[in-house]
file input07.pdb (PDB, C-alpha atoms, pLDDT in the B column)
ATOM      1  CA  MET D 165     -33.612 -12.455 -14.570  1.00 60.00           C
ATOM      2  CA  GLU D 166     -30.925 -12.916 -17.156  1.00 72.00           C
ATOM      3  CA  ILE D 167     -28.236 -11.221 -15.045  1.00 71.00           C
ATOM      4  CA  ASN D 168     -28.938 -13.560 -12.097  1.00 66.00           C
ATOM      5  CA  LYS D 169     -28.512 -16.629 -14.325  1.00 66.00           C
ATOM      6  CA  LYS D 170     -25.286 -15.220 -15.717  1.00 67.00           C
ATOM      7  CA  LEU D 171     -23.966 -14.561 -12.186  1.00 68.00           C
ATOM      8  CA  SER D 172     -24.956 -18.072 -11.062  1.00 64.00           C
ATOM      9  CA  SER D 173     -22.685 -19.550 -13.719  1.00 62.00           C
ATOM     10  CA  HIS D 174     -19.660 -18.031 -11.932  1.00 60.00           C
ATOM     11  CA  ILE D 175     -20.159 -19.779  -8.582  1.00 59.00           C
ATOM     12  CA  VAL D 176     -17.406 -22.045  -7.305  1.00 56.00           C
ATOM     13  CA  ASP D 177     -18.830 -24.204  -4.536  1.00 58.00           C
ATOM     14  CA  ASN D 178     -17.521 -26.802  -2.150  1.00 56.00           C
ATOM     15  CA  SER D 179     -18.724 -27.999   1.231  1.00 58.00           C
ATOM     16  CA  HIS D 180     -16.854 -25.313   3.234  1.00 64.00           C
ATOM     17  CA  TYR D 181     -17.293 -22.123   1.219  1.00 65.00           C
ATOM     18  CA  SER D 182     -18.716 -20.544  -1.894  1.00 66.00           C
ATOM     19  CA  ALA D 183     -16.819 -18.115  -4.082  1.00 72.00           C
ATOM     20  CA  TRP D 184     -17.686 -16.104  -7.146  1.00 74.00           C
ATOM     21  CA  ILE D 185     -15.030 -15.504  -9.743  1.00 79.00           C
ATOM     22  CA  ILE D 186     -16.361 -12.722 -11.921  1.00 84.00           C
ATOM     23  CA  ASP D 187     -14.935 -10.419 -14.551  1.00 87.00           C
ATOM     24  CA  VAL D 188     -17.281  -7.510 -13.857  1.00 86.00           C
ATOM     25  CA  ARG D 189     -16.645  -6.090 -17.345  1.00 86.00           C
ATOM     26  CA  GLU D 190     -18.810  -8.925 -18.730  1.00 89.00           C
ATOM     27  CA  PHE D 191     -21.780  -7.204 -17.076  1.00 91.00           C
ATOM     28  CA  LEU D 192     -21.335  -3.788 -18.688  1.00 94.00           C
ATOM     29  CA  PRO D 193     -24.470  -4.346 -20.845  1.00 94.00           C
ATOM     30  CA  TYR D 194     -26.460  -4.594 -17.572  1.00 92.00           C
ATOM     31  CA  ILE D 195     -25.126  -1.367 -16.054  1.00 94.00           C
ATOM     32  CA  ASN D 196     -28.512   0.389 -16.094  1.00 94.00           C
ATOM     33  CA  HIS D 197     -30.099  -2.515 -14.207  1.00 91.00           C
ATOM     34  CA  LEU D 198     -27.195  -2.604 -11.748  1.00 93.00           C
ATOM     35  CA  LYS D 199     -27.489   1.146 -11.150  1.00 94.00           C
ATOM     36  CA  GLN D 200     -31.059   0.568  -9.942  1.00 92.00           C
ATOM     37  CA  CYS D 201     -29.738  -1.898  -7.336  1.00 90.00           C
ATOM     38  CA  LEU D 202     -27.504   0.673  -5.648  1.00 92.00           C
ATOM     39  CA  SER D 203     -28.396   2.263  -2.312  1.00 88.00           C
ATOM     40  CA  LYS D 204     -28.948   6.038  -2.065  1.00 89.00           C
ATOM     41  CA  GLN D 205     -25.432   6.472  -0.664  1.00 88.00           C
ATOM     42  CA  GLU D 206     -23.907   4.373  -3.436  1.00 90.00           C
ATOM     43  CA  ARG D 207     -25.850   6.292  -6.115  1.00 93.00           C
ATOM     44  CA  LYS D 208     -24.609   9.565  -4.639  1.00 95.00           C
ATOM     45  CA  LYS D 209     -21.011   8.354  -4.696  1.00 95.00           C
ATOM     46  CA  TYR D 210     -21.542   7.018  -8.246  1.00 96.00           C
ATOM     47  CA  GLU D 211     -22.692  10.477  -9.395  1.00 95.00           C
ATOM     48  CA  GLU D 212     -19.648  12.114  -7.752  1.00 97.00           C
ATOM     49  CA  ILE D 213     -17.149  10.005  -9.721  1.00 96.00           C
ATOM     50  CA  LYS D 214     -15.934  12.050 -12.701  1.00 96.00           C
ATOM     51  CA  LYS D 215     -14.146   9.538 -14.932  1.00 96.00           C
ATOM     52  CA  VAL D 216     -16.493   7.218 -16.838  1.00 95.00           C
ATOM     53  CA  PRO D 217     -14.395   4.003 -16.533  1.00 94.00           C
ATOM     54  CA  GLN D 218     -14.117   4.383 -12.732  1.00 96.00           C
ATOM     55  CA  LYS D 219     -17.801   5.303 -12.506  1.00 96.00           C
ATOM     56  CA  GLU D 220     -18.806   2.175 -14.451  1.00 95.00           C
ATOM     57  CA  LEU D 221     -16.469  -0.063 -12.443  1.00 95.00           C
ATOM     58  CA  PHE D 222     -17.896   1.265  -9.169  1.00 95.00           C
ATOM     59  CA  CYS D 223     -21.450   0.565 -10.352  1.00 95.00           C
ATOM     60  CA  LEU D 224     -20.561  -2.911 -11.642  1.00 94.00           C
ATOM     61  CA  ARG D 225     -18.791  -3.935  -8.420  1.00 92.00           C
ATOM     62  CA  LYS D 226     -21.424  -2.594  -6.039  1.00 91.00           C
ATOM     63  CA  GLY D 227     -24.402  -3.725  -8.133  1.00 92.00           C
ATOM     64  CA  ILE D 228     -23.128  -7.267  -8.656  1.00 91.00           C
ATOM     65  CA  LEU D 229     -22.274  -7.591  -4.958  1.00 88.00           C
ATOM     66  CA  ARG D 230     -25.797  -6.444  -4.025  1.00 88.00           C
ATOM     67  CA  ILE D 231     -27.387  -8.980  -6.375  1.00 88.00           C
ATOM     68  CA  LEU D 232     -25.256 -11.851  -5.062  1.00 85.00           C
ATOM     69  CA  LEU D 233     -25.876 -10.952  -1.405  1.00 84.00           C
ATOM     70  CA  SER D 234     -29.585 -10.390  -1.989  1.00 83.00           C
ATOM     71  CA  GLU D 235     -29.872 -13.876  -3.495  1.00 80.00           C
ATOM     72  CA  LEU D 236     -28.238 -15.358  -0.388  1.00 78.00           C
ATOM     73  CA  CYS D 237     -30.385 -13.289   2.004  1.00 79.00           C
ATOM     74  CA  ASP D 238     -33.581 -13.522  -0.067  1.00 81.00           C
ATOM     75  CA  LEU D 239     -33.952  -9.722  -0.203  1.00 81.00           C
ATOM     76  CA  ASP D 240     -34.413  -7.086  -2.874  1.00 82.00           C
ATOM     77  CA  PRO D 241     -30.924  -5.818  -3.903  1.00 83.00           C
ATOM     78  CA  SER D 242     -31.769  -2.147  -3.342  1.00 78.00           C
ATOM     79  CA  SER D 243     -33.200  -2.845   0.135  1.00 80.00           C
ATOM     80  CA  LEU D 244     -30.081  -4.665   1.332  1.00 84.00           C
ATOM     81  CA  HIS D 245     -28.706  -2.695   4.282  1.00 83.00           C
ATOM     82  CA  TYR D 246     -25.099  -2.797   5.443  1.00 83.00           C
ATOM     83  CA  VAL D 247     -23.975  -1.905   8.955  1.00 84.00           C
ATOM     84  CA  TYR D 248     -20.365  -0.959   9.617  1.00 83.00           C
ATOM     85  CA  GLY D 249     -18.501  -2.294  12.646  1.00 87.00           C
ATOM     86  CA  LEU D 250     -16.000  -0.415  14.787  1.00 88.00           C
ATOM     87  CA  ASN D 251     -13.172  -1.342  12.438  1.00 89.00           C
ATOM     88  CA  GLY D 252     -15.132  -0.069   9.408  1.00 85.00           C
ATOM     89  CA  LYS D 253     -15.918  -3.512   8.006  1.00 87.00           C
ATOM     90  CA  PRO D 254     -19.425  -3.914   6.564  1.00 82.00           C
ATOM     91  CA  TYR D 255     -21.796  -6.691   7.564  1.00 82.00           C
ATOM     92  CA  ILE D 256     -25.453  -7.525   7.106  1.00 83.00           C
ATOM     93  CA  PRO D 257     -27.355  -7.483  10.400  1.00 82.00           C
ATOM     94  CA  GLU D 258     -29.398 -10.584  11.270  1.00 72.00           C
ATOM     95  CA  ASN D 259     -33.197 -10.540  11.132  1.00 56.00           C
TER      96      ASN D 259
END
call {"tool": "encode", "arguments": {"input": "input07.pdb", "output": "structure tokens"}}
result
Amino acid sequence: MEINKKLSSHIVDNSHYSAWIIDVREFLPYINHLKQCLSKQERKKYEEIKKVPQKELFCLRKGILRILLSELCDLDPSSLHYVYGLNGKPYIPEN
């Protein structure tokens, strides 16, 4: 997919960590694709946001994160499931 190649170009990698430095606004043309990557909960929250710029930013951030994590976990972005710990921090359960 074109969006995956574009995201791959933003990876900063060294032997101890990987980081992505991304200006999410670059991905505005892909917003419809990114919207399809959102979970049911994220889509519901997306629909509740009233102001268009905040709505788009939410979709861009969540969609891009799902694509990046799904590449690392070898999963479909929309099937990626987060679990929240006692302190409210999200993580991806092992399996």
call {"tool": "resolve_selection", "arguments": {"input": "input07.pdb", "expression": "the PyMOL selection byres ((chain D and resi 231) around 10)", "output": "list in words"}}
result
Ile167, Asn168, Leu171, Leu198, Cys201, Leu202, Lys226, Gly227, Ile228, Leu229, Arg230, Leu232, Leu233, Ser234, Glu235, Leu236, Cys237, Asp238, Leu239, Asp240, Pro241, Ser242 and Leu244 of chain D
call {"tool": "closest_residue", "arguments": {"input": "input07.pdb", "among": "D:Glu212, D:Pro257, D:Asp187, D:Asn251", "to": "D:Leu224", "atoms": "all atoms listed in the file"}}
result
D:Asp187
call {"tool": "atom_distance", "arguments": {"input": "input07.pdb", "atom1": "atom CA of D:Tyr248", "atom2": "atom CA of D:Arg189"}}
result
27.7 Å
call {"tool": "atom_distance", "arguments": {"input": "input07.pdb", "atom1": "atom CA of D:Lys199", "atom2": "atom CA of D:Cys223"}}
result
6.1 Å
call {"tool": "atom_distance", "arguments": {"input": "input07.pdb", "atom1": "atom CA of D:Gln200", "atom2": "atom CA of D:Lys219"}}
result
14.3 Å
call {"tool": "axis_aligned_box", "arguments": {"input": "input07.pdb", "around": "stretch 246-255 of chain D", "padding_each_side": "8 Å", "output": "AutoDock Vina command-line options"}}
result
--center_x -19.1 --center_y -3.4 --center_z 10.1 --size_x 27.9 --size_y 22.6 --size_z 25.3
call {"tool": "residues_around", "arguments": {"input": "input07.pdb", "residues": "D:Tyr246", "least_positions_apart": "5", "cutoff": "8 Å", "atoms": "only C-alpha atoms", "output": "list in words"}}
result
Pro254, Tyr255, Ile256 and Pro257 of chain D
